[in-house]
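Trainee: One structure follows; several queries about it will come next.
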Amino acid sequence: MKKNFSEIRSALPEPLFDEHPEFIDLYWKAWELAWDHVKDIPGMPQTPYMDEGFCDTDIWIWDTCFMALYCKYAPVELYPGYKSLQNFYSVLHDGGQLPEIIAQNVPVDGPIKAGEKARIKIHIADNPPLFAWAEYENAKISGNLEHIKQLVLEKRYLQKHYDMLENNSAGTVYPGVKVKTYWEKAALGYRWEGGVSGMDNTPRGRSGETSNVQRPATRDLLWIDAICQQAMAADIISKLYDLLDMTDESAKWQKRFEEKRDIVRKYYWDDEEKFFFDRSDSTGELCKVATAGSYWALTGKIASEKQAKAMETHLNDPDKFGGERPWVSLSRSDGDFNSENGMYWRGSVWLPTAYAGLRGCSNYGLFDTARKTATAMLAHMYRTWQNYTPHTIWECYAPCDDAPARSCDENNRIVREDFCGWSAIGPTAAFIEFVIGIYDIDAFKKVVKWNLPESTTGKTGIKNLRFGDITADLIAEDDNITVTSNKEFTLEVNGKKYAVAAGSNNFKR
């Protein structure tokens, strides 16, 4: 029998943040809802697994990857984040299939009704290719080199997925997958489509100032996030080979990354707008619809330092992506921005793309902007949790109100509730990494990097943080940093290194 959340809560890291104690409540709520989404279905290649909270009969690649990106902080035997990725690998790259079930949680307007038998399928094969990122981030926390050896050397899942997309033909329907693919390689990038990209009704690819159709993208459009995500996958595969001391293979994958990085910097950048945009394959013109998708250029460490700094200005502009409720999915200055309810990807705040963008900020040392916008984002989530009924965490959020967003379907429905699912990444991983500021943990190097503001209110830090075979408490108050650890490691605070010994340690900032 599955345990109650109260029985497993002590296995999770315990954040301290006196400046906003309400964020602690939201943190525990997110983990509790996520615990409800640990599902056990006989016949799944990996069970139990993390369920995204959409419907019983489908699993999604990018939802599961984002769930793995916060589950990395929890014991994998409780929250099987990266292990859930096996359900995709088994079907796409091992020729397996998922089991049949009696459906219960299904869309009311879908082809399958509750109580009917249906086979679980991967919904989309060419969802954003984030397997490598999710695996690497979990490996850095776990220090599990044996898993990396199996993943990269024995099974080669990450390389196979990269190659699958490099050679995919649009319209392919893979066995065990519900939807046909749209991803297709071109000379300077990749053609794609809104629904399979995950940004369903994004107005990217429209021909005028506004779009009168839900999905205006044409097959001529080359997607900025697609090339950035594929480049990031190559870069991370290179890093995984480095962990295995395989320098020749690492260099091959790093070359692939650099080739794509250079294309993005040269062909997707608009020097007038100081922003990355999608590109027309036939004319070379940029489609100047500014969305959160462009921040993958920072997430993947693809932008130059100058370009990243320029992209930062848009995050601090309340008429674009900033303001009291930042990280909107479409610039507030865009003609298709929906100020009333966000209308899914026409302005709503989505936690996964926000997290990816925040990671991009930290990649370039833009810590103040990351902290400011992450703090405002969590405050937005908290106010909605407290003031909107039902009191929960939502699939996405309205851009101008403390409320859930609305979808883009004909019923203009409220988005899904209890969506933890990927929305838990905000109150958990984003809180730890960008508000508390513990932004990089490396079990292989035994290094923790912490960005702290010059002054803090009360205590800030985290207890019961596990990485590799180390368990540590890290607490900052005024100019004092107290660290208790079972083993030695290096703590780097705002660039200054401290040698942490086993036991209790006290440092001055």
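Going by the structure tokens order, chains are called A, B, ..., each with residues numbered from 1, while ligands are numbered from 1 in the order shown.
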Give me the residues of stretch 169-227 of chain A that have any atom at most 10 Å from an atom of stretch 289-297 of chain A; for each, the nearest atom pair and the distance in Å, rounded to one decimal. Use only C-alpha atoms, sort by chain and number, and format it as CSV.

Mentor:
```
residue,atom,partner,partner_atom,distance
A:Ser197,CA,A:Gly293,CA,9.8
A:Met199,CA,A:Gly293,CA,8.5
A:Thr202,CA,A:Thr291,CA,8.3
A:Pro203,CA,A:Val289,CA,7.3
A:Arg204,CA,A:Val289,CA,5.8
A:Gly205,CA,A:Val289,CA,7.8
A:Arg206,CA,A:Val289,CA,8.3
A:Glu209,CA,A:Val289,CA,8.9
A:Thr210,CA,A:Val289,CA,9.6
A:Trp223,CA,A:Gly293,CA,8.7
A:Ile224,CA,A:Ser294,CA,6.1
A:Asp225,CA,A:Gly293,CA,5.4
A:Ala226,CA,A:Trp296,CA,8.8
A:Ile227,CA,A:Ala297,CA,8.9
```

Trainee: Save the residues we just selected, N, CA, C and O atoms, as a short mmCIF file (atom, residue, chain, number, x, y, z; two decimals), in the first residue's frame?

Mentor:
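As written to disk, out.cif reads:
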```
data_model
loop_
_atom_site.label_atom_id
_atom_site.label_comp_id
_atom_site.auth_asym_id
_atom_site.auth_seq_id
_atom_site.Cartn_x
_atom_site.Cartn_y
_atom_site.Cartn_z
N SER A 197 5.38 20.74 -30.57
CA SER A 197 6.43 21.50 -29.88
C SER A 197 6.09 21.68 -28.41
O SER A 197 6.95 22.03 -27.60
N MET A 199 3.94 23.98 -27.41
CA MET A 199 3.36 25.32 -27.29
C MET A 199 2.15 25.41 -28.22
O MET A 199 2.12 26.19 -29.18
N THR A 202 0.55 28.64 -29.99
CA THR A 202 1.44 29.78 -30.14
C THR A 202 1.23 30.46 -31.49
O THR A 202 1.03 29.78 -32.50
N PRO A 203 1.26 31.80 -31.55
CA PRO A 203 1.07 32.49 -32.83
C PRO A 203 2.33 32.55 -33.69
O PRO A 203 2.34 33.23 -34.71
N ARG A 204 3.36 31.85 -33.29
CA ARG A 204 4.59 31.84 -34.08
C ARG A 204 4.32 31.36 -35.51
O ARG A 204 3.63 30.38 -35.72
N GLY A 205 4.88 32.08 -36.46
CA GLY A 205 4.71 31.70 -37.86
C GLY A 205 3.60 32.44 -38.58
O GLY A 205 3.40 32.22 -39.78
N ARG A 206 2.91 33.32 -37.89
CA ARG A 206 1.83 34.08 -38.54
C ARG A 206 2.43 35.04 -39.58
O ARG A 206 3.62 35.39 -39.54
N GLU A 209 0.22 41.01 -38.07
CA GLU A 209 0.42 41.44 -36.69
C GLU A 209 -0.32 40.56 -35.69
O GLU A 209 0.04 40.49 -34.53
N THR A 210 -1.38 39.91 -36.16
CA THR A 210 -2.13 38.99 -35.32
C THR A 210 -2.49 37.76 -36.14
O THR A 210 -2.39 37.76 -37.37
N TRP A 223 12.16 26.61 -36.18
CA TRP A 223 11.84 26.95 -34.80
C TRP A 223 13.11 27.16 -33.97
O TRP A 223 13.97 26.27 -33.90
N ILE A 224 13.20 28.30 -33.30
CA ILE A 224 14.36 28.63 -32.49
C ILE A 224 14.56 27.64 -31.35
O ILE A 224 15.69 27.22 -31.07
N ASP A 225 13.48 27.22 -30.70
CA ASP A 225 13.65 26.30 -29.58
C ASP A 225 14.10 24.92 -30.05
O ASP A 225 14.86 24.23 -29.36
N ALA A 226 13.66 24.50 -31.23
CA ALA A 226 14.04 23.18 -31.74
C ALA A 226 15.54 23.08 -31.91
O ALA A 226 16.18 22.12 -31.44
N ILE A 227 16.16 24.03 -32.59
CA ILE A 227 17.59 23.95 -32.83
C ILE A 227 18.37 24.12 -31.53
O ILE A 227 19.39 23.47 -31.30
#
```

Trainee: According to DSSP computed on the backbone, where in stretch 243-290 of chain A is there alpha helix (DSSP H)? Give the residues as a list of chain:residue names.

Mentor: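 The alpha helix (DSSP H) subset of stretch 243-290 of chain A is A:Leu243, A:Thr247, A:Asp248, A:Glu249, A:Ser250, A:Ala251, A:Lys252, A:Trp253, A:Gln254, A:Lys255, A:Arg256, A:Phe257, A:Glu258, A:Glu259, A:Lys260, A:Arg261, A:Asp262, A:Ile263, A:Val264, A:Arg265, A:Lys266, A:Tyr267.
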
Trainee: Give me, please, the distance in Å between atom CA of A:Glu19 and atom CA of A:Tyr382, quoted to one decimal.

Mentor: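 We find that atom CA of A:Glu19 and atom CA of A:Tyr382 lie 14.4 Å from each other.
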
Trainee: With only C-alpha atoms as the counted atoms, please give the residues lying no more than 10 Å from A:Lys2, apart from itself and same-chain residues fewer than 2 positions off, as a list in words.

Mentor: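 With the cut-off at 10 Å, the set is Asn4, Phe5, Glu7, Trp35, Asp36, Val38, Lys39 and Asp40 of chain A.
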
Trainee: Output all heavy atoms of each residue in that selection to a file, as an mmCIF file, in the first residue's frame.

Mentor:
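The resulting result19.cif:
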```cif
data_model
loop_
_atom_site.group_PDB
_atom_site.id
_atom_site.type_symbol
_atom_site.label_atom_id
_atom_site.label_comp_id
_atom_site.auth_asym_id
_atom_site.auth_seq_id
_atom_site.Cartn_x
_atom_site.Cartn_y
_atom_site.Cartn_z
ATOM 1 N N ASN A 4 1.202 7.472 2.995
ATOM 2 C CA ASN A 4 0.718 8.843 2.984
ATOM 3 C C ASN A 4 1.902 9.789 2.848
ATOM 4 O O ASN A 4 3.027 9.471 3.242
ATOM 5 C CB ASN A 4 -0.037 9.154 4.278
ATOM 6 C CG ASN A 4 -1.327 8.371 4.386
ATOM 7 O OD1 ASN A 4 -2.007 8.139 3.386
ATOM 8 N ND2 ASN A 4 -1.664 7.941 5.601
ATOM 9 N N PHE A 5 1.639 10.982 2.302
ATOM 10 C CA PHE A 5 2.724 11.944 2.119
ATOM 11 C C PHE A 5 3.418 12.274 3.441
ATOM 12 O O PHE A 5 4.638 12.444 3.491
ATOM 13 C CB PHE A 5 2.187 13.226 1.475
ATOM 14 C CG PHE A 5 3.236 14.291 1.319
ATOM 15 C CD1 PHE A 5 4.271 14.134 0.414
ATOM 16 C CD2 PHE A 5 3.208 15.441 2.108
ATOM 17 C CE1 PHE A 5 5.250 15.110 0.279
ATOM 18 C CE2 PHE A 5 4.176 16.417 1.982
ATOM 19 C CZ PHE A 5 5.205 16.252 1.057
ATOM 20 N N GLU A 7 4.197 10.439 5.732
ATOM 21 C CA GLU A 7 5.139 9.388 6.093
ATOM 22 C C GLU A 7 6.449 9.473 5.322
ATOM 23 O O GLU A 7 7.455 8.895 5.748
ATOM 24 C CB GLU A 7 4.507 8.014 5.847
ATOM 25 C CG GLU A 7 3.282 7.721 6.696
ATOM 26 C CD GLU A 7 2.666 6.384 6.342
ATOM 27 O OE1 GLU A 7 3.085 5.374 6.954
ATOM 28 O OE2 GLU A 7 1.781 6.339 5.469
ATOM 29 N N TRP A 35 3.269 13.710 -5.084
ATOM 30 C CA TRP A 35 3.187 12.368 -4.520
ATOM 31 C C TRP A 35 1.915 11.658 -4.997
ATOM 32 O O TRP A 35 1.921 10.449 -5.238
ATOM 33 C CB TRP A 35 3.234 12.456 -2.994
ATOM 34 C CG TRP A 35 3.176 11.147 -2.268
ATOM 35 C CD1 TRP A 35 2.207 10.718 -1.402
ATOM 36 C CD2 TRP A 35 4.137 10.083 -2.328
ATOM 37 N NE1 TRP A 35 2.501 9.458 -0.925
ATOM 38 C CE2 TRP A 35 3.682 9.045 -1.479
ATOM 39 C CE3 TRP A 35 5.336 9.899 -3.029
ATOM 40 C CZ2 TRP A 35 4.383 7.854 -1.301
ATOM 41 C CZ3 TRP A 35 6.038 8.711 -2.857
ATOM 42 C CH2 TRP A 35 5.558 7.709 -2.000
ATOM 43 N N ASP A 36 0.853 12.417 -5.165
ATOM 44 C CA ASP A 36 -0.388 11.844 -5.677
ATOM 45 C C ASP A 36 -0.255 11.372 -7.121
ATOM 46 O O ASP A 36 -1.092 10.604 -7.610
ATOM 47 C CB ASP A 36 -1.524 12.871 -5.591
ATOM 48 C CG ASP A 36 -1.928 13.176 -4.155
ATOM 49 O OD1 ASP A 36 -1.643 12.345 -3.278
ATOM 50 O OD2 ASP A 36 -2.509 14.257 -3.922
ATOM 51 N N VAL A 38 2.478 9.824 -8.365
ATOM 52 C CA VAL A 38 3.328 8.642 -8.495
ATOM 53 C C VAL A 38 2.396 7.460 -8.729
ATOM 54 O O VAL A 38 1.644 7.069 -7.841
ATOM 55 C CB VAL A 38 4.196 8.424 -7.242
ATOM 56 C CG1 VAL A 38 5.034 7.160 -7.396
ATOM 57 C CG2 VAL A 38 5.094 9.635 -6.993
ATOM 58 N N LYS A 39 2.427 6.934 -9.939
ATOM 59 C CA LYS A 39 1.451 5.918 -10.361
ATOM 60 C C LYS A 39 2.143 4.570 -10.554
ATOM 61 O O LYS A 39 3.277 4.506 -11.037
ATOM 62 C CB LYS A 39 0.777 6.354 -11.661
ATOM 63 C CG LYS A 39 -0.312 5.426 -12.159
ATOM 64 C CD LYS A 39 -0.954 5.943 -13.437
ATOM 65 C CE LYS A 39 -1.839 7.141 -13.192
ATOM 66 N NZ LYS A 39 -2.611 7.526 -14.399
ATOM 67 N N ASP A 40 1.449 3.530 -10.207
ATOM 68 C CA ASP A 40 1.970 2.167 -10.352
ATOM 69 C C ASP A 40 1.020 1.365 -11.236
ATOM 70 O O ASP A 40 -0.115 1.070 -10.839
ATOM 71 C CB ASP A 40 2.098 1.514 -8.966
ATOM 72 C CG ASP A 40 2.866 0.200 -9.007
ATOM 73 O OD1 ASP A 40 3.206 -0.256 -10.111
ATOM 74 O OD2 ASP A 40 3.121 -0.367 -7.930
#
```

Trainee: Extract, using only C-alpha atoms, all DNA, RNA and protein residues at most 8 Å from A:Ile393, discarding same-chain residues fewer than 5 positions from it, and format them as a VMD selection string.

Mentor: chain A and resid 30 381 385 417 to 420 423 to 424

Trainee: Report as a list in words all protein, DNA and RNA residues lying within 12 Å of A:Thr389, evaluated on only C-alpha atoms, omitting residues in the same chain fewer than 2 positions from it.

Mentor: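 Here the qualifying residues turn out to be Arg383, Thr384, Trp385, Gln386, Asn387, His391, Thr392, Ile393, Trp394, Asp402, Ala403, Pro404, Ile414, Glu417 and Asp418 of chain A.
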
Trainee: Once you have the residues from the selection above, write them out as a short mmCIF file (atom, residue, chain, number, x, y, z; two decimals), in the first residue's frame, restricted to N, CA and C atoms.

Mentor:
```
data_model
loop_
_atom_site.label_atom_id
_atom_site.label_comp_id
_atom_site.auth_asym_id
_atom_site.auth_seq_id
_atom_site.Cartn_x
_atom_site.Cartn_y
_atom_site.Cartn_z
N ARG A 383 -0.38 33.44 -4.35
CA ARG A 383 -1.62 34.21 -4.24
C ARG A 383 -2.78 33.46 -4.90
N THR A 384 -2.50 32.83 -6.04
CA THR A 384 -3.54 32.07 -6.72
C THR A 384 -3.98 30.89 -5.87
N TRP A 385 -3.02 30.20 -5.28
CA TRP A 385 -3.33 29.06 -4.40
C TRP A 385 -4.23 29.49 -3.24
N GLN A 386 -3.94 30.64 -2.66
CA GLN A 386 -4.69 31.10 -1.50
C GLN A 386 -6.06 31.68 -1.85
N ASN A 387 -6.13 32.38 -2.98
CA ASN A 387 -7.31 33.20 -3.25
C ASN A 387 -8.28 32.63 -4.27
N HIS A 391 -8.32 25.57 -4.22
CA HIS A 391 -7.00 26.01 -3.80
C HIS A 391 -5.98 24.94 -4.17
N THR A 392 -5.27 25.17 -5.26
CA THR A 392 -4.37 24.15 -5.76
C THR A 392 -3.29 24.77 -6.64
N ILE A 393 -2.52 23.92 -7.32
CA ILE A 393 -1.50 24.33 -8.27
C ILE A 393 -2.00 23.96 -9.66
N TRP A 394 -1.83 24.88 -10.62
CA TRP A 394 -2.51 24.77 -11.91
C TRP A 394 -1.53 24.47 -13.04
N ASP A 402 -4.38 36.81 -10.55
CA ASP A 402 -4.03 35.68 -9.70
C ASP A 402 -5.08 34.60 -9.87
N ALA A 403 -4.94 33.87 -10.95
CA ALA A 403 -5.95 32.88 -11.35
C ALA A 403 -5.33 31.92 -12.34
N PRO A 404 -5.94 30.75 -12.48
CA PRO A 404 -5.48 29.86 -13.55
C PRO A 404 -5.79 30.46 -14.91
N ILE A 414 -11.17 26.35 -18.05
CA ILE A 414 -10.07 26.58 -17.13
C ILE A 414 -9.08 25.42 -17.29
N GLU A 417 -6.33 21.39 -12.92
CA GLU A 417 -5.94 21.62 -11.54
C GLU A 417 -5.06 20.48 -11.03
N ASP A 418 -4.46 20.69 -9.85
CA ASP A 418 -3.60 19.68 -9.20
C ASP A 418 -2.51 19.22 -10.16
#
```

Trainee: Contacts of A:Asp63 at 8 Å or less, counting only C-alpha atoms, minus same-chain residues fewer than 6 places along, as a VMD selection string?

Mentor: chain A and resid 52 421 to 422

Trainee: Compile the contact shell of A:Pro453 as a ChimeraX atom specification: residues with an atom at most 12 Å away, counting only C-alpha atoms, same-chain residues fewer than 5 positions apart removed.

Mentor: /A:19,367-372,434-438,460,476-479,493-494,509
